[in-house]
>>> print(open('model24.cif').read())   # mmCIF, C-alpha atoms and all ligand atoms
data_data
#
loop_
_atom_site.label_atom_id
_atom_site.label_comp_id
_atom_site.auth_asym_id
_atom_site.auth_seq_id
_atom_site.Cartn_x
_atom_site.Cartn_y
_atom_site.Cartn_z
CA MET A 4 78.39 72.54 104.53
CA TYR A 5 81.18 71.48 106.93
CA ASP A 6 80.56 67.83 106.12
CA SER A 7 81.15 68.45 102.45
CA LEU A 8 84.32 70.42 103.24
CA VAL A 9 85.62 67.57 105.40
CA ARG A 10 84.79 65.10 102.62
CA PHE A 11 86.57 67.30 100.09
CA VAL A 12 89.74 67.51 102.24
CA ARG A 13 89.73 63.74 102.85
CA ASP A 14 89.42 63.27 99.10
CA GLN A 15 92.48 65.44 98.43
CA TYR A 16 94.61 63.49 100.88
CA ARG A 17 92.92 60.14 100.26
CA THR A 18 92.84 59.16 103.91
CA GLN A 19 90.38 58.62 106.75
CA GLU A 20 93.16 59.28 109.32
CA PHE A 21 93.87 62.60 111.05
CA ILE A 22 94.86 65.32 108.57
CA PRO A 23 97.36 67.91 109.92
CA LEU A 24 97.52 71.53 108.81
CA HIS A 25 100.94 71.16 107.21
CA ALA A 26 103.28 68.17 107.19
CA PRO A 27 106.62 67.96 105.37
CA VAL A 28 107.15 65.62 102.41
CA PHE A 29 110.48 63.76 102.10
CA ALA A 30 110.33 62.14 98.69
CA GLY A 31 113.75 63.00 97.28
CA HIS A 32 117.39 62.65 98.27
CA GLU A 33 116.90 63.48 101.97
CA GLN A 34 118.17 60.13 103.34
CA ARG A 35 121.10 60.07 100.95
CA TYR A 36 122.35 63.62 101.61
CA VAL A 37 121.90 63.43 105.39
CA GLY A 38 123.65 60.03 105.30
CA GLU A 39 126.54 61.60 103.40
CA THR A 40 127.07 64.24 106.10
CA ILE A 41 127.14 61.55 108.79
CA ALA A 42 129.58 59.44 106.78
CA SER A 43 131.82 62.49 106.28
CA THR A 44 131.62 63.45 110.01
CA PHE A 45 130.98 67.06 108.90
CA VAL A 46 127.59 67.33 110.57
CA SER A 47 128.08 70.68 112.27
CA SER A 48 129.23 74.19 111.47
CA VAL A 49 131.42 73.41 108.45
CA GLY A 50 130.51 71.44 105.37
CA ALA A 51 129.81 71.40 101.66
CA PHE A 52 126.01 71.26 101.98
CA VAL A 53 125.86 74.69 103.66
CA ASP A 54 127.68 76.26 100.69
CA ARG A 55 125.53 74.35 98.23
CA PHE A 56 122.28 75.25 100.00
CA GLU A 57 123.22 78.95 100.02
CA HIS A 58 124.22 78.81 96.36
CA ASP A 59 121.07 76.98 95.26
CA MET A 60 118.87 79.36 97.24
CA GLN A 61 120.65 82.35 95.74
CA VAL A 62 119.93 81.00 92.25
CA PHE A 63 116.32 80.13 93.10
CA THR A 64 115.45 83.54 94.56
CA GLY A 65 117.69 85.65 92.33
CA SER A 66 119.16 87.30 95.42
CA PRO A 67 122.76 88.59 95.10
CA ARG A 68 123.58 86.77 98.35
CA ALA A 69 121.96 84.12 100.56
CA VAL A 70 123.34 83.36 104.03
CA ALA A 71 121.99 80.32 105.89
CA THR A 72 121.06 80.62 109.58
CA VAL A 73 119.97 78.29 112.36
CA ASN A 74 116.33 79.41 112.09
CA GLY A 75 114.15 82.10 110.61
CA THR A 76 114.00 84.14 113.80
CA ALA A 77 117.81 84.33 113.90
CA ALA A 78 117.79 85.45 110.26
CA LEU A 79 115.35 88.24 111.16
CA HIS A 80 117.47 89.30 114.15
CA ILE A 81 120.59 89.59 111.97
CA ALA A 82 118.62 91.35 109.21
CA LEU A 83 117.40 94.02 111.63
CA LEU A 84 120.90 94.53 113.08
CA LEU A 85 122.26 94.96 109.56
CA ALA A 86 119.49 97.45 108.79
CA GLY A 87 120.89 99.52 111.67
CA VAL A 88 118.21 98.78 114.27
CA ARG A 89 119.57 99.61 117.73
CA ALA A 90 118.30 99.70 121.32
CA GLY A 91 115.58 102.31 121.74
CA ASP A 92 114.65 102.38 118.03
CA LEU A 93 111.19 101.72 116.63
CA VAL A 94 110.38 99.29 113.81
CA ILE A 95 107.04 99.48 112.01
CA THR A 96 105.37 96.14 111.38
CA GLN A 97 101.94 94.50 111.19
CA SER A 98 100.05 93.26 114.26
CA LEU A 99 98.71 90.37 112.18
CA THR A 100 101.80 88.16 112.09
CA PHE A 101 103.56 85.27 113.81
CA VAL A 102 105.26 86.30 117.05
CA ALA A 103 108.80 85.75 115.67
CA THR A 104 108.50 88.99 113.67
CA CYS A 105 108.11 91.00 116.88
CA ASN A 106 110.54 88.93 118.93
CA ALA A 107 113.36 89.70 116.48
CA ILE A 108 112.65 93.42 116.93
CA ALA A 109 112.75 92.99 120.72
CA TYR A 110 116.09 91.10 120.54
CA CYS A 111 117.60 94.30 119.11
CA GLY A 112 116.32 96.25 122.12
CA ALA A 113 113.90 97.98 119.76
CA GLU A 114 110.10 98.11 119.86
CA PRO A 115 107.50 97.31 117.25
CA VAL A 116 104.93 99.87 116.10
CA PHE A 117 101.77 98.26 114.74
CA VAL A 118 100.16 99.53 111.54
CA ASP A 119 97.12 98.01 109.81
CA VAL A 120 97.05 95.41 107.04
CA ASP A 121 95.10 95.29 103.76
CA ARG A 122 92.26 92.77 103.47
CA GLU A 123 93.41 91.76 99.97
CA THR A 124 97.02 90.84 100.86
CA LEU A 125 96.62 90.16 104.62
CA GLY A 126 99.91 92.12 104.87
CA LEU A 127 101.10 95.61 105.79
CA SER A 128 99.02 98.34 104.15
CA PRO A 129 101.01 101.06 102.32
CA SER A 130 98.18 103.59 102.77
CA ALA A 131 97.86 102.83 106.50
CA LEU A 132 101.65 103.17 106.83
CA GLU A 133 101.61 106.51 105.04
CA ARG A 134 98.70 107.79 107.13
CA TRP A 135 100.39 106.79 110.39
CA LEU A 136 103.70 108.39 109.40
CA ASP A 137 101.96 111.60 108.24
CA SER A 138 100.27 111.95 111.59
CA GLU A 139 103.00 110.71 113.99
CA ALA A 140 106.44 111.08 112.36
CA MET A 141 108.79 113.84 111.22
CA MET A 142 111.94 113.91 109.14
CA GLY A 143 114.83 115.35 111.14
CA GLU A 144 117.43 117.64 109.58
CA ASP A 145 119.83 114.69 109.80
CA GLY A 146 117.59 112.73 107.40
CA VAL A 147 116.48 110.40 110.18
CA CYS A 148 112.79 109.63 110.65
CA ARG A 149 111.61 110.29 114.20
CA LEU A 150 108.51 110.11 116.32
CA ARG A 151 107.14 113.63 116.68
CA LYS A 152 106.12 113.35 120.29
CA ASP A 153 109.47 112.22 121.77
CA GLY A 154 112.08 112.10 118.99
CA ARG A 155 112.57 108.32 119.08
CA VAL A 156 114.08 106.97 115.85
CA LEU A 157 111.90 105.05 113.37
CA ARG A 158 114.59 102.91 111.75
CA ALA A 159 112.94 100.25 109.64
CA CYS A 160 109.73 98.83 108.23
CA LEU A 161 109.15 95.07 108.47
CA PRO A 162 106.22 93.74 106.40
CA MET A 163 105.39 90.01 106.36
CA HIS A 164 104.04 88.04 103.39
CA THR A 165 101.18 86.30 105.17
CA PHE A 166 100.65 82.63 104.22
CA GLY A 167 102.85 83.29 101.14
CA HIS A 168 100.74 86.12 99.67
CA PRO A 169 103.04 89.04 98.76
CA VAL A 170 102.36 92.48 100.27
CA ALA A 171 102.11 95.57 98.02
CA LEU A 172 105.89 95.91 97.75
CA LYS A 173 106.19 98.70 95.17
CA GLU A 174 103.87 100.97 97.15
CA LEU A 175 105.64 100.16 100.44
CA LEU A 176 109.02 100.90 98.86
CA VAL A 177 107.81 104.38 97.84
CA VAL A 178 106.67 105.19 101.39
CA CYS A 179 109.87 103.77 102.94
CA GLU A 180 112.01 105.79 100.52
CA ARG A 181 110.12 108.98 101.36
CA TRP A 182 110.59 108.44 105.11
CA GLN A 183 114.11 106.94 104.90
CA LEU A 184 113.02 103.68 106.50
CA ALA A 185 114.99 100.50 105.74
CA LEU A 186 112.63 97.91 104.23
CA VAL A 187 113.21 94.43 105.67
CA GLU A 188 110.91 91.66 104.38
CA ASP A 189 109.84 88.79 106.60
CA ALA A 190 109.51 86.27 103.76
CA ALA A 191 109.49 83.28 106.14
CA GLU A 192 106.23 82.02 104.63
CA SER A 193 106.72 83.05 101.01
CA LEU A 194 109.54 80.96 99.53
CA GLY A 195 108.53 80.55 95.87
CA SER A 196 106.18 83.58 95.85
CA THR A 197 106.83 86.39 93.41
CA TYR A 198 105.68 89.98 93.02
CA GLN A 199 105.73 91.23 89.42
CA GLY A 200 107.91 88.26 88.57
CA GLN A 201 110.56 88.95 91.22
CA HIS A 202 111.03 86.75 94.29
CA THR A 203 109.71 88.05 97.61
CA GLY A 204 112.47 88.89 100.08
CA THR A 205 114.59 90.52 97.36
CA PHE A 206 112.84 93.93 97.18
CA GLY A 207 113.96 95.52 100.42
CA LEU A 208 117.45 96.02 101.81
CA ILE A 209 117.23 92.53 103.32
CA GLY A 210 114.75 89.66 103.32
CA THR A 211 114.57 86.51 105.43
CA LEU A 212 113.30 82.96 104.94
CA SER A 213 112.43 80.14 107.34
CA PHE A 214 112.79 76.37 106.89
CA ASN A 215 111.01 75.33 110.05
CA GLY A 216 109.19 71.99 109.91
CA ASN A 217 105.87 73.54 108.92
CA LYS A 218 107.17 75.74 106.07
CA ILE A 219 107.01 74.90 102.34
CA ILE A 220 110.44 73.24 102.55
CA THR A 221 112.20 72.29 105.76
CA THR A 222 115.70 71.77 107.14
CA GLY A 223 114.28 70.69 110.51
CA GLY A 224 115.09 74.18 111.72
CA GLY A 225 116.73 76.79 109.55
CA GLY A 226 116.56 80.18 107.93
CA MET A 227 118.21 82.40 105.34
CA VAL A 228 119.20 86.04 104.97
CA LEU A 229 118.72 87.39 101.42
CA THR A 230 120.62 90.58 100.68
CA ASN A 231 123.28 92.38 98.64
CA ASP A 232 126.99 91.50 98.51
CA ALA A 233 128.22 93.88 101.19
CA LEU A 234 125.52 93.02 103.72
CA GLY A 235 125.78 89.33 102.81
CA THR A 236 129.44 89.37 103.85
CA ARG A 237 128.47 91.13 107.10
CA ALA A 238 125.65 88.60 107.69
CA LYS A 239 128.08 85.70 107.28
CA HIS A 240 130.53 87.32 109.70
CA LEU A 241 127.91 88.09 112.37
CA THR A 242 126.28 84.65 112.17
CA THR A 243 129.62 82.83 112.54
CA THR A 244 130.80 84.37 115.87
CA ALA A 245 132.48 87.32 114.09
CA LYS A 246 135.62 85.25 113.62
CA GLN A 247 138.29 86.58 111.33
CA PRO A 248 139.51 83.95 108.88
CA HIS A 249 142.77 82.44 110.14
CA ALA A 250 144.32 78.98 109.94
CA TYR A 251 144.48 78.55 113.72
CA GLU A 252 144.16 81.80 115.72
CA TYR A 253 140.92 82.81 117.45
CA VAL A 254 140.28 86.42 116.56
CA HIS A 255 136.70 87.68 116.94
CA ASP A 256 136.46 91.36 116.08
CA GLU A 257 132.99 92.17 117.53
CA VAL A 258 130.12 90.54 119.41
CA GLY A 259 129.06 87.80 117.03
CA TYR A 260 126.35 85.15 117.09
CA ASN A 261 126.39 81.39 116.74
CA TYR A 262 123.57 81.46 114.22
CA ARG A 263 125.02 79.26 111.47
CA LEU A 264 123.03 76.40 109.98
CA PRO A 265 124.57 72.98 110.70
CA ASN A 266 125.65 70.98 107.65
CA LEU A 267 123.27 68.18 108.69
CA ASN A 268 120.31 70.55 108.32
CA ALA A 269 121.66 72.03 105.08
CA ALA A 270 121.79 68.52 103.59
CA LEU A 271 118.07 68.15 104.25
CA GLY A 272 117.55 71.60 102.72
CA CYS A 273 119.39 70.71 99.49
CA ALA A 274 117.21 67.63 99.04
CA GLN A 275 114.04 69.65 99.78
CA LEU A 276 114.98 72.47 97.44
CA GLU A 277 115.31 69.99 94.57
CA GLN A 278 111.59 69.25 95.04
CA LEU A 279 110.38 72.82 95.52
CA ASP A 280 109.08 73.35 91.97
CA GLY A 281 107.00 70.19 92.32
CA PHE A 282 105.71 71.30 95.73
CA LEU A 283 104.74 74.70 94.32
CA ALA A 284 102.80 73.13 91.44
CA ALA A 285 101.02 70.67 93.76
CA LYS A 286 100.09 73.41 96.24
CA ARG A 287 98.76 75.64 93.46
CA GLN A 288 96.61 72.78 92.22
CA LEU A 289 95.34 72.14 95.75
CA ALA A 290 94.49 75.83 96.17
CA MET A 291 92.57 75.88 92.89
CA ASN A 292 90.66 72.77 94.00
CA TYR A 293 89.75 74.48 97.29
CA LYS A 294 88.67 77.59 95.43
CA GLU A 295 86.38 75.62 93.16
CA ALA A 296 84.98 73.50 96.00
CA LEU A 297 84.18 76.62 98.05
CA GLN A 298 82.73 78.66 95.16
CA SER A 299 79.10 78.08 96.15
CA SER A 300 79.71 78.37 99.92
CA ASP A 301 79.64 81.55 102.01
CA LEU A 302 83.35 81.17 102.86
CA THR A 303 85.72 83.40 100.85
CA PHE A 304 88.83 81.57 99.71
CA VAL A 305 91.94 83.79 99.89
CA THR A 306 93.67 84.05 96.51
CA GLU A 307 96.93 85.64 95.37
CA PRO A 308 96.93 89.46 94.98
CA ALA A 309 97.02 91.01 91.48
CA ASP A 310 100.44 90.89 89.76
CA CYS A 311 101.61 88.24 92.22
CA ARG A 312 102.21 84.54 92.19
CA SER A 313 101.73 83.04 95.63
CA ASN A 314 103.25 79.80 96.89
CA TYR A 315 99.91 79.05 98.63
CA TRP A 316 101.87 77.86 101.65
CA LEU A 317 98.78 77.86 103.89
CA ASN A 318 95.32 77.93 102.36
CA ALA A 319 92.89 80.25 104.12
CA VAL A 320 89.22 81.19 104.08
CA ILE A 321 87.51 84.31 105.39
CA CYS A 322 84.33 83.49 107.32
CA GLN A 323 81.25 85.71 107.51
CA ASP A 324 81.77 86.40 111.21
CA LEU A 325 83.29 85.10 114.46
CA ALA A 326 80.41 82.68 115.08
CA GLN A 327 80.90 81.03 111.71
CA ARG A 328 84.66 80.90 112.29
CA ASP A 329 84.18 79.09 115.59
CA ALA A 330 81.65 76.67 114.09
CA LEU A 331 84.02 75.85 111.23
CA LEU A 332 86.98 75.29 113.58
CA LYS A 333 84.91 73.03 115.82
CA ALA A 334 83.28 70.99 113.06
CA THR A 335 86.54 70.28 111.20
CA ASN A 336 88.79 69.60 114.20
CA GLU A 337 86.16 67.28 115.71
CA ARG A 338 86.22 65.29 112.50
CA GLY A 339 90.01 64.89 112.47
CA VAL A 340 90.66 67.58 109.87
CA MET A 341 92.99 70.13 111.42
CA THR A 342 92.15 73.81 110.91
CA ARG A 343 93.40 76.82 112.86
CA PRO A 344 92.44 80.44 113.34
CA ILE A 345 94.88 83.14 112.25
CA TRP A 346 97.21 84.43 115.01
CA ALA A 347 95.93 86.62 117.83
CA LEU A 348 97.07 90.17 117.09
CA MET A 349 100.53 90.98 118.46
CA ASN A 350 99.20 94.04 120.34
CA ARG A 351 97.18 91.64 122.54
CA LEU A 352 100.29 89.76 123.79
CA PRO A 353 101.70 90.75 127.21
CA ALA A 354 105.13 91.52 125.71
CA TYR A 355 103.75 93.89 123.06
CA GLN A 356 100.50 95.33 124.39
CA HIS A 357 102.17 98.58 125.45
CA CYS A 358 103.56 99.25 121.95
CA LEU A 359 102.49 102.15 119.77
CA ARG A 360 99.83 101.38 117.20
CA GLY A 361 97.70 102.96 114.54
CA ASP A 362 94.13 102.03 113.62
CA LEU A 363 93.99 98.24 113.26
CA SER A 364 90.44 97.75 111.91
CA ASN A 365 91.38 95.41 109.05
CA ALA A 366 93.67 93.32 111.26
CA GLU A 367 90.87 93.00 113.83
CA TRP A 368 88.33 92.17 111.12
CA LEU A 369 90.57 89.41 109.73
CA GLU A 370 91.53 88.12 113.19
CA ALA A 371 87.84 87.31 113.82
CA ARG A 372 87.30 85.58 110.47
CA VAL A 373 90.37 83.85 108.97
CA VAL A 374 90.78 80.07 109.21
CA ASN A 375 93.61 78.00 107.72
CA LEU A 376 92.79 74.72 105.98
CA PRO A 377 95.03 71.65 105.55
CA SER A 378 97.75 72.59 103.06
CA SER A 379 100.40 69.86 102.92
CA VAL A 380 101.50 68.73 99.48
CA PRO A 381 98.96 65.95 98.76
CA PRO A 382 100.26 62.44 98.03
CA GLN A 383 101.10 62.03 94.38
CA GLU A 384 99.08 59.74 92.13
CA VAL A 385 100.78 56.30 92.16
CA LYS A 386 101.79 55.67 88.56
C1 LIG B 1 108.06 80.72 110.59
C2 LIG B 1 108.11 82.18 110.71
C3 LIG B 1 109.26 82.87 111.16
C4 LIG B 1 110.55 82.19 111.57
O1 LIG B 1 110.36 81.09 112.35
P1 LIG B 1 111.51 80.07 112.78
O2 LIG B 1 110.71 79.00 113.43
O3 LIG B 1 112.41 80.79 113.71
O4 LIG B 1 112.24 79.56 111.57
C5 LIG B 1 109.24 84.24 111.18
N1 LIG B 1 108.16 84.93 110.80
C6 LIG B 1 107.05 84.31 110.35
C7 LIG B 1 105.90 85.15 109.90
C8 LIG B 1 106.98 82.94 110.31
O5 LIG B 1 105.85 82.35 109.87
#
>>> encode(input="model24.cif", output="structure tokens", more="lines below")
Ligand SMILES: *Cc1c(COP(=O)(O)O)cnc(C)c1O
Amino acid sequence: MYDSLVRFVRDQYRTQEFIPLHAPVFAGHEQRYVGETIASTFVSSVGAFVDRFEHDMQVFTGSPRAVATVNGTAALHIALLLAGVRAGDLVITQSLTFVATCNAIAYCGAEPVFVDVDRETLGLSPSALERWLDSEAMMGEDGVCRLRKDGRVLRACLPMHTFGHPVALKELLVVCERWQLALVEDAAESLGSTYQGQHTGTFGLIGTLSFNGNKIITTGGGGMVLTNDALGTRAKHLTTTAKQPHAYEYVHDEVGYNYRLPNLNAALGCAQLEQLDGFLAAKRQLAMNYKEALQSSDLTFVTEPADCRSNYWLNAVICQDLAQRDALLKATNERGVMTRPIWALMNRLPAYQHCLRGDLSNAEWLEARVVNLPSSVPPQEVK
């Protein structure tokens, strides 16, 4: 079984060398645009490629505003601040996520609360969220959602679109509306994924993207805040040291952050974004090939949820049990085909093990079974 999977992956990438989980592809204007920034000397915090990258991303996602940041974690930090998250607040999220989701909450002085995921989406479960709120939360007379036992404020809900598969956004929005929670989407992994035809990261108050080296497109390091006009203006201000526009004076009207994306990185992003439609098509084809190849095996290939179009950023299978997961990881990695288990649950990490949590049965079930398969855009047929 594992031999045929290894052969299949080697066939897709047409190589006998080591195959990584996800490598970037630079097949467009990357050299040219990056070269232009160097020639212009505008490599840093000011430059035309930042404006162009934000504009192009705004058009691509259909978001009213897009504000570039130095990485996806910084984008999440700013998003949570703009959603009103303050020290001592609680933010509901999933325990099955990458650690950046929780770290951004901690940067605000707030704490995550872990609620279960759905097995179909691998993301935050609207019914688990509702159940947890019904049993633990109350609506204050001031219209603020609080923890029943000690009155701490539940400010926001932060779902994550795991491996590019959209969570059940409409259902989550209903629950968040009922409990007056700001919905912030961690769309770091889901650039190009849509839910009922609309881009992920544009449903809540704010959404964030990442352009780290392993994401579907990369700027080296980078991120983006997707939001409305008013919050977009605030995001720009906060990420650029809260400096008031002036020809020469230094006036900073609050504690700001140096979270802007350098022009050098934005140049790479513009070149990558030009290729995104091609990447999406190639990754969809790869996913369909995996699905077909695994049809007769006892591994379940994870496919996009109903009503959604996933970017298939990272392909994943669900194993029968932990033993099979470990055997698969060992057999593939030993043969030079990189595979990885899904993240350890956030409630197991020293920084977050004391946090409040609901029942996490689905997250635990998936944690013991999910394995990611190589997912880079395969080399194109030489014509
Ligand atoms: C990649 C990623 C981020 C942001 O990561 P950066 O490396 O800071 O760009 C945030 N959340 C999730 C789920 C991610 O996968």
>>> closest_residue(input="model24.cif", among="A:Lys239, A:Arg122, A:His202, A:Arg89", to="Arg155 in chain A", atoms="all atoms listed in the file")
A:Arg89
>>> residues_near_ligand(input="model24.cif", ligand="ligand LIG 1 (chain B)", cutoff="7 Å", atoms="only C-alpha atoms and all ligand atoms", output="PyMOL selection string")
chain A and resi 74-77+100-101+103-104+163+165+189+191-192+213-215+218+224-226
>>> axis_aligned_box(input="model24.cif", around="range 259-264 of chain A", padding_each_side="6 Å", output="lines of an AutoDock Vina configuration file")
center_x = 126.0
center_y = 82.1
center_z = 113.5
size_x = 18.0
size_y = 23.4
size_z = 19.1
>>> closest_residue(input="model24.cif", among="A:Cys311, A:Val120, A:Leu271, A:Ala113", to="Arg35 in chain A", atoms="only C-alpha atoms")
A:Leu271
>>> atom_distance(input="model24.cif", atom1="CA of Lys286 in chain A", atom2="CA of Gln61 in chain A")
22.4 Å
>>> residues_near_point(input="model24.cif", point="(84.5, 77.6, 99.1)", cutoff="12 Å", atoms="only C-alpha atoms", output="count of residues only")
30
>>> residues_near_point(input="model24.cif", point="(99.8, 94.1, 96.7)", cutoff="9 Å", atoms="only C-alpha atoms", output="list in words")
Asp121, Glu123, Thr124, Gly126, Ser128, His168, Pro169, Val170, Ala171, Leu172, Lys173, Glu174, Tyr198, Pro308, Ala309, Asp310 and Cys311 of chain A
>>> atom_distance(input="model24.cif", atom1="CA of Arg68 in chain A", atom2="CA of Val187 in chain A")
14.8 Å
>>> atom_distance(input="model24.cif", atom1="CA of Phe63 in chain A", atom2="CA of Gly195 in chain A")
8.3 Å
>>> closest_residue(input="model24.cif", among="A:Leu132, A:Leu283, A:Leu325, A:Val380", to="Cys160 in chain A", atoms="only C-alpha atoms")
A:Leu132
>>> closest_residue(input="model24.cif", among="A:Val118, A:Pro162, A:Tyr260, A:Phe282", to="Ser364 in chain A", atoms="all atoms listed in the file")
A:Val118
>>> residues_around(input="model24.cif", residues="Pro382 in chain A", least_positions_apart="4", cutoff="9 Å", atoms="only C-alpha atoms", output="list in words")
Gln15, Tyr16, Arg17 and Val28 of chain A
>>> residues_around(input="model24.cif", residues="Asp324 in chain A", least_positions_apart="5", cutoff="10 Å", atoms="only C-alpha atoms", output="compact mmCIF listing (two decimals) with C-alpha atoms, in the frame of the given file")
# COMPACT_ATOMS: atom_id res chain seq x y z
CA LEU A 302 83.35 81.17 102.86
CA ASP A 329 84.18 79.09 115.59
CA TRP A 368 88.33 92.17 111.12
CA LEU A 369 90.57 89.41 109.73
CA ALA A 371 87.84 87.31 113.82
CA ARG A 372 87.30 85.58 110.47
CA VAL A 373 90.37 83.85 108.97
>>> closest_residue(input="model24.cif", among="A:Arg237, A:Gly272, A:Ala330, A:Leu93", to="Gly259 in chain A", atoms="only C-alpha atoms")
A:Arg237
>>> residues_around(input="model24.cif", residues="Leu176 in chain A", least_positions_apart="2", cutoff="10 Å", atoms="all atoms listed in the file", output="CSV table (one decimal) with C-alpha atoms, in the coordinates of the input")
chain,number,residue,atom,x,y,z
A,129,PRO,CA,101.0,101.1,102.3
A,160,CYS,CA,109.7,98.8,108.2
A,171,ALA,CA,102.1,95.6,98.0
A,172,LEU,CA,105.9,95.9,97.8
A,173,LYS,CA,106.2,98.7,95.2
A,174,GLU,CA,103.9,101.0,97.2
A,178,VAL,CA,106.7,105.2,101.4
A,179,CYS,CA,109.9,103.8,102.9
A,180,GLU,CA,112.0,105.8,100.5
A,181,ARG,CA,110.1,109.0,101.4
A,182,TRP,CA,110.6,108.4,105.1
A,183,GLN,CA,114.1,106.9,104.9
A,184,LEU,CA,113.0,103.7,106.5
A,185,ALA,CA,115.0,100.5,105.7
A,186,LEU,CA,112.6,97.9,104.2
A,206,PHE,CA,112.8,93.9,97.2
A,207,GLY,CA,114.0,95.5,100.4
>>> build_atoms(input="model24.cif", residues="range 151-157 of chain A", atoms="all heavy atoms", output="compact mmCIF listing (two decimals), in the frame of the given file")
# COMPACT_ATOMS: atom_id res chain seq x y z
N ARG A 151 107.29 112.21 116.36
CA ARG A 151 107.14 113.63 116.68
C ARG A 151 107.11 113.90 118.17
O ARG A 151 107.71 114.84 118.66
CB ARG A 151 105.84 114.16 116.07
CG ARG A 151 106.09 114.94 114.80
CD ARG A 151 104.84 115.67 114.38
NE ARG A 151 104.68 115.44 112.96
CZ ARG A 151 103.54 115.52 112.31
NH1 ARG A 151 102.42 115.81 112.97
NH2 ARG A 151 103.50 115.31 111.04
N LYS A 152 106.39 113.01 118.89
CA LYS A 152 106.12 113.35 120.29
C LYS A 152 107.34 113.23 121.20
O LYS A 152 107.43 113.93 122.20
CB LYS A 152 104.95 112.54 120.85
CG LYS A 152 105.22 111.06 120.98
CD LYS A 152 104.05 110.39 121.72
CE LYS A 152 104.36 108.91 121.92
NZ LYS A 152 103.24 108.08 122.20
N ASP A 153 108.32 112.33 120.86
CA ASP A 153 109.47 112.22 121.77
C ASP A 153 110.82 112.04 121.06
O ASP A 153 111.84 111.81 121.71
CB ASP A 153 109.27 111.10 122.79
CG ASP A 153 109.10 109.73 122.14
OD1 ASP A 153 109.36 109.62 120.93
OD2 ASP A 153 108.71 108.78 122.83
N GLY A 154 110.81 112.13 119.73
CA GLY A 154 112.08 112.10 118.99
C GLY A 154 112.71 110.72 118.84
O GLY A 154 113.82 110.59 118.33
N ARG A 155 111.99 109.66 119.27
CA ARG A 155 112.57 108.32 119.08
C ARG A 155 112.71 108.01 117.59
O ARG A 155 111.88 108.41 116.77
CB ARG A 155 111.69 107.26 119.75
CG ARG A 155 111.78 107.30 121.26
CD ARG A 155 110.71 106.46 121.90
NE ARG A 155 111.05 105.04 121.82
CZ ARG A 155 110.21 104.07 122.18
NH1 ARG A 155 109.00 104.37 122.60
NH2 ARG A 155 110.57 102.82 122.11
N VAL A 156 113.75 107.23 117.26
CA VAL A 156 114.08 106.97 115.85
C VAL A 156 113.22 105.83 115.28
O VAL A 156 113.13 104.76 115.89
CB VAL A 156 115.58 106.61 115.70
CG1 VAL A 156 115.89 106.20 114.27
CG2 VAL A 156 116.44 107.79 116.13
N LEU A 157 112.60 106.09 114.14
CA LEU A 157 111.90 105.05 113.37
C LEU A 157 112.89 104.55 112.33
O LEU A 157 113.19 105.25 111.37
CB LEU A 157 110.66 105.64 112.71
CG LEU A 157 109.52 105.98 113.69
CD1 LEU A 157 108.70 107.15 113.19
CD2 LEU A 157 108.65 104.75 113.91
